[in-house]
Amino acid sequence: MSWSKKRLAKSLWVFHVSASPCNNCDIEILDLLTPRYDVERFGIKLVGSIRHADVILLTGIVNQKVAPMVKRLYEQAPKPVFVVGVGTCPMSGACFKESYNIVPERKDVIPIDVYIPGCPPKPEAMIEAIVKLMGVLRG
Amino acid sequence: MVNKDDLLRVLGPKIRRKVEKPGRLYFEVADEDLTEVAVYLFQTMGCRLSTATAMETYHGLEVLYHFSHDATGWYYCPRVVIPDKVHPRVTSIAPVIRGAEWIEREMAEFWGITFEGHPRPERLLSKDHPQRLDKPYRFRRVS
Amino acid sequence: MTKTVVPIGPFHPLLEEAESFTLKVDGETVVDVDLDIGWLHRGHEYLSEGRTFTQAIYLVERICGICSTSHPLACVHAIEDVDHIEIPERAAYIRTLIGELERIHSHLLWLGLAGHFIGYDTVWMWAWKWREPVLQIFEQISGNRNHYGMMRVGGVARDINTDDIPGLQKALNEMESKLGMIAKAVPDDPVLKSRLKGVGILSKEAAVDFCAVGPTARASGVPIDVRKDEPKDAYGWVDFQAIVLPNGDVYDKLVLRVLETLESIKIVRQCLEKLKAPSGPILNNVKEIGIGEGIGRYEAPRGEVFHYIRTDGTNRAIRHKVRAPSYVNIPTFAASCKGIPVADALITLASVDPCYCCTERAIRIMTPDNNRLDLDLLRLSREKTERLRRNIHG
C-alpha cells in the first residue's frame with residue numbers, strides 16, 4: 001500500500017488537539033499558517049473535524065480531566081493517522097511531571113509517532129519534522 | 001478620600017495582629033466581623049477584591065483576602081484563622097461582592113473549606129472529573 | 001421544538017485551550033451563560049512549593065505562553081516585596097522594555113483572532129505577519145521567541161548589547177509605520193463599526209461588581225492600571241498615557257487595544273534611548289530572603305497579574321498563590337452576554353481576551369427547556385458581517 005502513503009504525503013491534513021498546554025506551542029503552530037512560514041504552500045492545512053485528519057498534532061501534558069476526550073478523539077480518527085507530539089510536554093511532562101493532575105503515561109492515552117522537542121519548538125523545527133514524516137511516508 | 005487612618009480608626013477594636021509595610025497592611029479579623037470589614041473596604045473605601053489565598057499554618061487554616069486600593073496603590077489584607085481543620089467553615093462574602101464567587105469556589109474545592117452563604121457552591125475545576133474525588137483536590141498525590 | 005447543538009471546540013483549529021461554555025438561548029437571543037473549566041489545570045501552586053525561587057520563576061513562565069513575561073515579573077516583584085530589595089537602574093529599563101514588547105505582540109495576536117472571528121481573514125494575516133519582527137527582537141535579546149527566562153530576583157539575567165540597539169530601533173520604526181496603517185484602517189471601517197458598536201456592553205457598575213481588571217475594565221470607564229497606580233521598575237520614569245474609554249462594548253475594546261499598542265511603542269523607544277548609554281550592573285545579587293509575606297503585581301496585556309509569596313527564611317517559598325487576570329474577567333460574561341443575538345456571542349466572548357491557558361472554547365448551546373442546539377457560531381458571526389457589508393456598500 002505504499003502508493004497510498006505516497007499520495008498521503010502530497011497533502012497532509014492536520015488536526016490540532018490541545019490537551020492542557022500553556023498555549024505557546026499552539027501559537028507557534030498557528031504561526032505556521034501566517035505569511036512568514038506559510039505551510040499551506042505544501043498542501044498542509046488545518047481541518048475542523050477529526051474525521052478528515054491525517055495527522056494529529058498533540059500539545060500539552062495530558063491532564064486527567066481531558067484524557068478521556070483525547071482517547072475518544074484518537075479512536076474516532078480514521079486510520080492510518082500519525083500522531084505528532086509537539087513540545088517538551090508530551091515527551092516528558094516538562095516541569096509538571098510531579099503534578100497531581102497529570103496522567104502517569106501519555107502513551108497509554110494516545111500512541112505518539114513523532115516527537116518535536118523544544119519549549120516551544122521553533123516553527124522551523126516543526127517544518128523539519130513534517131518533512132521527515134513525509135520522507136518516511138514516501139519510502 | 002477615605003484612607004488607611006480612617007480604616008484603623010473606624011474598625012480599630014476589630015483589628016488584631018496588624019503588620020504594616022510600605023504599601024501593604026496585613027491584619028487579622030474574627031469570622032463574625034469579616035462581612036463588616038469587607039463591606040467597609042469594598043463600598044466605603046472603594047477597594048477592589050483582587051483574590052484570596054488559603055493556606056495551612058500551625059494555628060489552623062488561614063484565609064487571607066487581598067483588597068486593592070487603586071487610588072493609592074495600597075493593599076489591605078484581612079485574614080481569618082480557622083482553628084478547626086476537620087470541618088473548616090467561614091462566612092462567605094460573595095453575596096456582597098460578586099467577584100468573590102469563583103475565588104471562594106476554588107478555595108472550597110482545594111482545601112475543603114465551607115463558605116456559608118455562598119450562592120453557588122459547586123466544584124469549579126474538577127466538575128465531571130473522570131475519577132471520583134473523595135479528598136479536597138489538593139491532597140491527591142501522584143504516587 | 002427540539003434541536004441539537006454540537007460544541008465548537010475544544011479541539012477546533014483556531015481555538016487553543018479548553019473551556020466549555022454553555023449558552024442558554026431563547027429564539028435568537030442569549031439568556032444565560034455557564035462555564036466549565038479545569039481542562040488545563042496543572043497544579044502550579046503545588047509544584048512551586050518544592051522549588052527554589054529561581055526554579056519557580058521558570059515554572060511560572062509556563063503558566064501562559066502569550067503573557068509569558070507577566071507572570072515572572074509579578075513573581076519577582078512579590079519576592080522582592082518581602083525584603084524591599086532594590087534593583088539597579090539598567091535592570092529596571094530592561095524589564096520594562098521586555099514587558100512592553102510583550103504587550104505589543106499580545107495585542108496584535110488578539111487583533112488577528114478578532115478579525116478571524118468576524119470574517120476579516122486579511123486582518124488576521126497582516127496582524128500576525130507584523131508580529132514576527134517583535135518575536136525576532138525577542139530572539140535577539142534573549143535567545144527564544146517566547147519563554148525568555150530573563151527575570152531574576154534582584155534584576156535581570158541578560159544584558160542588551162549596546163551595538164544591537166540601532167538595529168532594534170530600525171526594526172521598531174518599520175513595524176510602527178505598518179501598525180499605524182492598521183491602526184487607522186481598522187477602527188474607521190464602516191462595516192466594523194456597525195458590526196461591533198453596541199455589542200456585548202459591560203456597564204461600569206457590573207465591571208466594578210465583578211472586580212474586572214485590564215482592558216475589560218478600562219473600556220467600561222473604570223480607570224485602573226497597575227503601571228500608574230503602583231509604578232515599579234521604570235514605569236515611574238517613562239512618559240505614557242493610560243487609555244480609558246466609556247462605552248464598554250466590543251468596539252471600544254478593539255480601539256483601546258490598538259491605542260495601547262501605539263503607547264507601548266512610545267515606551268519601548270524611550271527605554272531603548274536610555275539603554276544606549278553603556279554600563280551599570282544588571283543584577284543585585286541577593287543571598288537570602290527573610291521570613292515574611294510579599295505581594296507582587298504587574299499589568300499584563302489582559303489585566304493585573306497577582307502573586308503572593310510567603311517565605312520562612314529558606315530558599316523555597318511555603319506558599320505561592322497565583323491569580324491570572326482572566327480569572328476575574330471571564331465571569332463578566334454573565335453580565336455582558338445577556339440579551340445579545342447568538343451571532344455576536346463569539347466575538348463578545350473573545351473580546352475579553354481569555355488567556356487560553358485557562359480556557360478552551362467548547363461552546364454548548366441550550367434552549368430554556370434544556371435541549372441542545374446545533375449552531376456553528378463562527379459561521380453565524382461571519383454571515384452577520386456579510387449582511388451588514390451588503391447593507392452599507394449596497
# chains A, B, ... in the order shown; residues from 1 in each chain; ligands from 1
>>> closest_atom_pairs(of="chain A", to="chain B", cutoff="9 Å", atoms="only C-alpha atoms", output="tab-separated table")
residue	atom	partner	partner_atom	distance
A:Gln64	CA	B:Pro130	CA	7.3
A:Lys65	CA	B:His129	CA	5.3
A:Val66	CA	B:His129	CA	8.7
A:Ala67	CA	B:Pro130	CA	8.9
A:Pro68	CA	B:Pro130	CA	7.9
A:Glu98	CA	B:Val142	CA	6.9
A:Ser99	CA	B:Val142	CA	6.9
A:Tyr100	CA	B:Val142	CA	5.0
A:Asn101	CA	B:Val142	CA	7.7
A:Ile102	CA	B:Val142	CA	8.1
A:Val103	CA	B:Val142	CA	9.0
A:Pro104	CA	B:Val142	CA	8.1
>>> interface_residues(of="chain C", to="chain B", cutoff="6 Å", atoms="only C-alpha atoms", output="PDB file with N, CA and C atoms, in the first residue's frame")
ATOM      1  N   ILE C  37     -14.669  24.918  33.542  1.00  0.00           N
ATOM      2  CA  ILE C  37     -13.231  24.995  33.283  1.00  0.00           C
ATOM      3  C   ILE C  37     -12.527  23.871  34.035  1.00  0.00           C
ATOM      4  N   GLY C  38     -11.243  23.773  33.847  1.00  0.00           N
ATOM      5  CA  GLY C  38     -10.486  22.745  34.559  1.00  0.00           C
ATOM      6  C   GLY C  38      -9.725  21.835  33.639  1.00  0.00           C
ATOM      7  N   ASP C 209     -18.469  45.508  40.147  1.00  0.00           N
ATOM      8  CA  ASP C 209     -19.010  44.453  40.995  1.00  0.00           C
ATOM      9  C   ASP C 209     -18.279  43.131  40.794  1.00  0.00           C
ATOM     10  N   PHE C 210     -17.915  42.837  39.528  1.00  0.00           N
ATOM     11  CA  PHE C 210     -17.193  41.606  39.258  1.00  0.00           C
ATOM     12  C   PHE C 210     -15.697  41.759  39.490  1.00  0.00           C
ATOM     13  N   CYS C 211     -15.249  42.965  39.873  1.00  0.00           N
ATOM     14  CA  CYS C 211     -13.825  43.233  40.108  1.00  0.00           C
ATOM     15  C   CYS C 211     -12.993  42.956  38.858  1.00  0.00           C
ATOM     16  N   ASP C 229      -0.939  53.033  39.005  1.00  0.00           N
ATOM     17  CA  ASP C 229      -1.321  53.018  40.418  1.00  0.00           C
ATOM     18  C   ASP C 229      -0.141  52.707  41.323  1.00  0.00           C
ATOM     19  N   GLU C 230       0.731  51.781  40.899  1.00  0.00           N
ATOM     20  CA  GLU C 230       1.875  51.435  41.733  1.00  0.00           C
ATOM     21  C   GLU C 230       3.071  51.265  40.802  1.00  0.00           C
TER      22      GLU C 230
END
>>> interface_residues(of="chain A", to="chain C", cutoff="7 Å", atoms="only C-alpha atoms", output="count of residues only")
23
>>> residues_around(residues="range 330-345 of chain C", least_positions_apart="6", cutoff="7 Å", atoms="only C-alpha atoms", output="MDAnalysis selection string")
chainID C and resid 28:33 200:202 206 210 354 377 380:381 384
>>> residues_around(residues="Pro117 in chain A", least_positions_apart="6", cutoff="12 Å", atoms="only C-alpha atoms", output="list in words")
Cys25, Thr59, Val84, Gly85, Val86, Gly87, Thr88, Cys89, Pro90, Met91, Ser92, Gly93, Ala94, Pro123, Ala125, Met126, Glu128 and Ala129 of chain A
>>> residues_around(residues="range 269-272 of chain C", least_positions_apart="3", cutoff="8 Å", atoms="only C-alpha atoms", output="ChimeraX atom specification")
/C:93-94,96-97,165,169,238,265-266,275-276
>>> select_by_dssp(residues="range 13-51 of chain B", states="alpha helix (DSSP H)", output="list in words")
Leu34, Thr35, Glu36, Val37, Ala38 and Val39 of chain B
>>> atom_distance(atom1="CA of Phe67 in chain B", atom2="CA of Val153 in chain C")
25.1 Å
>>> select_by_dssp(residues="range 63-124 of chain A", states="strand (DSSP E or B)", output="PyMOL selection string")
chain A and resi 63+82-86+102+114-116
>>> decode(residues="range 26-42 of chain A", atoms="N, CA and C atoms", output="JSON list (two decimals), in the first residue's frame")
[["chain", "number", "residue", "atom", "x", "y", "z"],
["A", 26, "ASP", "N", 0.78, 26.03, 20.70],
["A", 26, "ASP", "CA", -0.37, 26.23, 19.83],
["A", 26, "ASP", "C", -0.21, 27.48, 19.01],
["A", 27, "ILE", "N", 0.30, 28.54, 19.60],
["A", 27, "ILE", "CA", 0.51, 29.78, 18.86],
["A", 27, "ILE", "C", 1.58, 29.57, 17.80],
["A", 28, "GLU", "N", 2.60, 28.78, 18.12],
["A", 28, "GLU", "CA", 3.63, 28.54, 17.12],
["A", 28, "GLU", "C", 3.08, 27.70, 15.97],
["A", 29, "ILE", "N", 2.15, 26.80, 16.28],
["A", 29, "ILE", "CA", 1.53, 26.02, 15.21],
["A", 29, "ILE", "C", 0.71, 26.93, 14.32],
["A", 30, "LEU", "N", -0.04, 27.86, 14.91],
["A", 30, "LEU", "CA", -0.81, 28.79, 14.09],
["A", 30, "LEU", "C", 0.10, 29.73, 13.31],
["A", 31, "ASP", "N", 1.26, 30.01, 13.87],
["A", 31, "ASP", "CA", 2.23, 30.85, 13.17],
["A", 31, "ASP", "C", 2.67, 30.23, 11.85],
["A", 32, "LEU", "N", 2.58, 28.88, 11.79],
["A", 32, "LEU", "CA", 2.99, 28.23, 10.55],
["A", 32, "LEU", "C", 2.08, 28.60, 9.39],
["A", 33, "LEU", "N", 0.86, 29.04, 9.69],
["A", 33, "LEU", "CA", -0.06, 29.37, 8.61],
["A", 33, "LEU", "C", 0.11, 30.80, 8.13],
["A", 34, "THR", "N", 0.81, 31.62, 8.91],
["A", 34, "THR", "CA", 0.88, 33.04, 8.58],
["A", 34, "THR", "C", 1.94, 33.27, 7.52],
["A", 35, "PRO", "N", 1.94, 34.44, 6.89],
["A", 35, "PRO", "CA", 2.75, 34.65, 5.69],
["A", 35, "PRO", "C", 4.24, 34.36, 5.83],
["A", 36, "ARG", "N", 4.79, 34.38, 7.07],
["A", 36, "ARG", "CA", 6.23, 34.19, 7.08],
["A", 36, "ARG", "C", 6.63, 32.75, 6.80],
["A", 37, "TYR", "N", 5.93, 31.77, 7.40],
["A", 37, "TYR", "CA", 6.30, 30.37, 7.22],
["A", 37, "TYR", "C", 5.41, 29.67, 6.21],
["A", 38, "ASP", "N", 4.13, 29.97, 6.23],
["A", 38, "ASP", "CA", 3.22, 29.60, 5.17],
["A", 38, "ASP", "C", 3.28, 28.14, 4.73],
["A", 39, "VAL", "N", 2.80, 27.21, 5.57],
["A", 39, "VAL", "CA", 2.86, 25.80, 5.16],
["A", 39, "VAL", "C", 1.76, 25.43, 4.20],
["A", 40, "GLU", "N", 0.81, 26.34, 3.94],
["A", 40, "GLU", "CA", -0.25, 25.94, 3.02],
["A", 40, "GLU", "C", 0.29, 25.72, 1.62],
["A", 41, "ARG", "N", 1.47, 26.30, 1.34],
["A", 41, "ARG", "CA", 2.04, 26.04, 0.02],
["A", 41, "ARG", "C", 2.50, 24.59, -0.12],
["A", 42, "PHE", "N", 2.65, 23.84, 1.00],
["A", 42, "PHE", "CA", 2.99, 22.42, 0.91],
["A", 42, "PHE", "C", 1.74, 21.57, 0.87]]
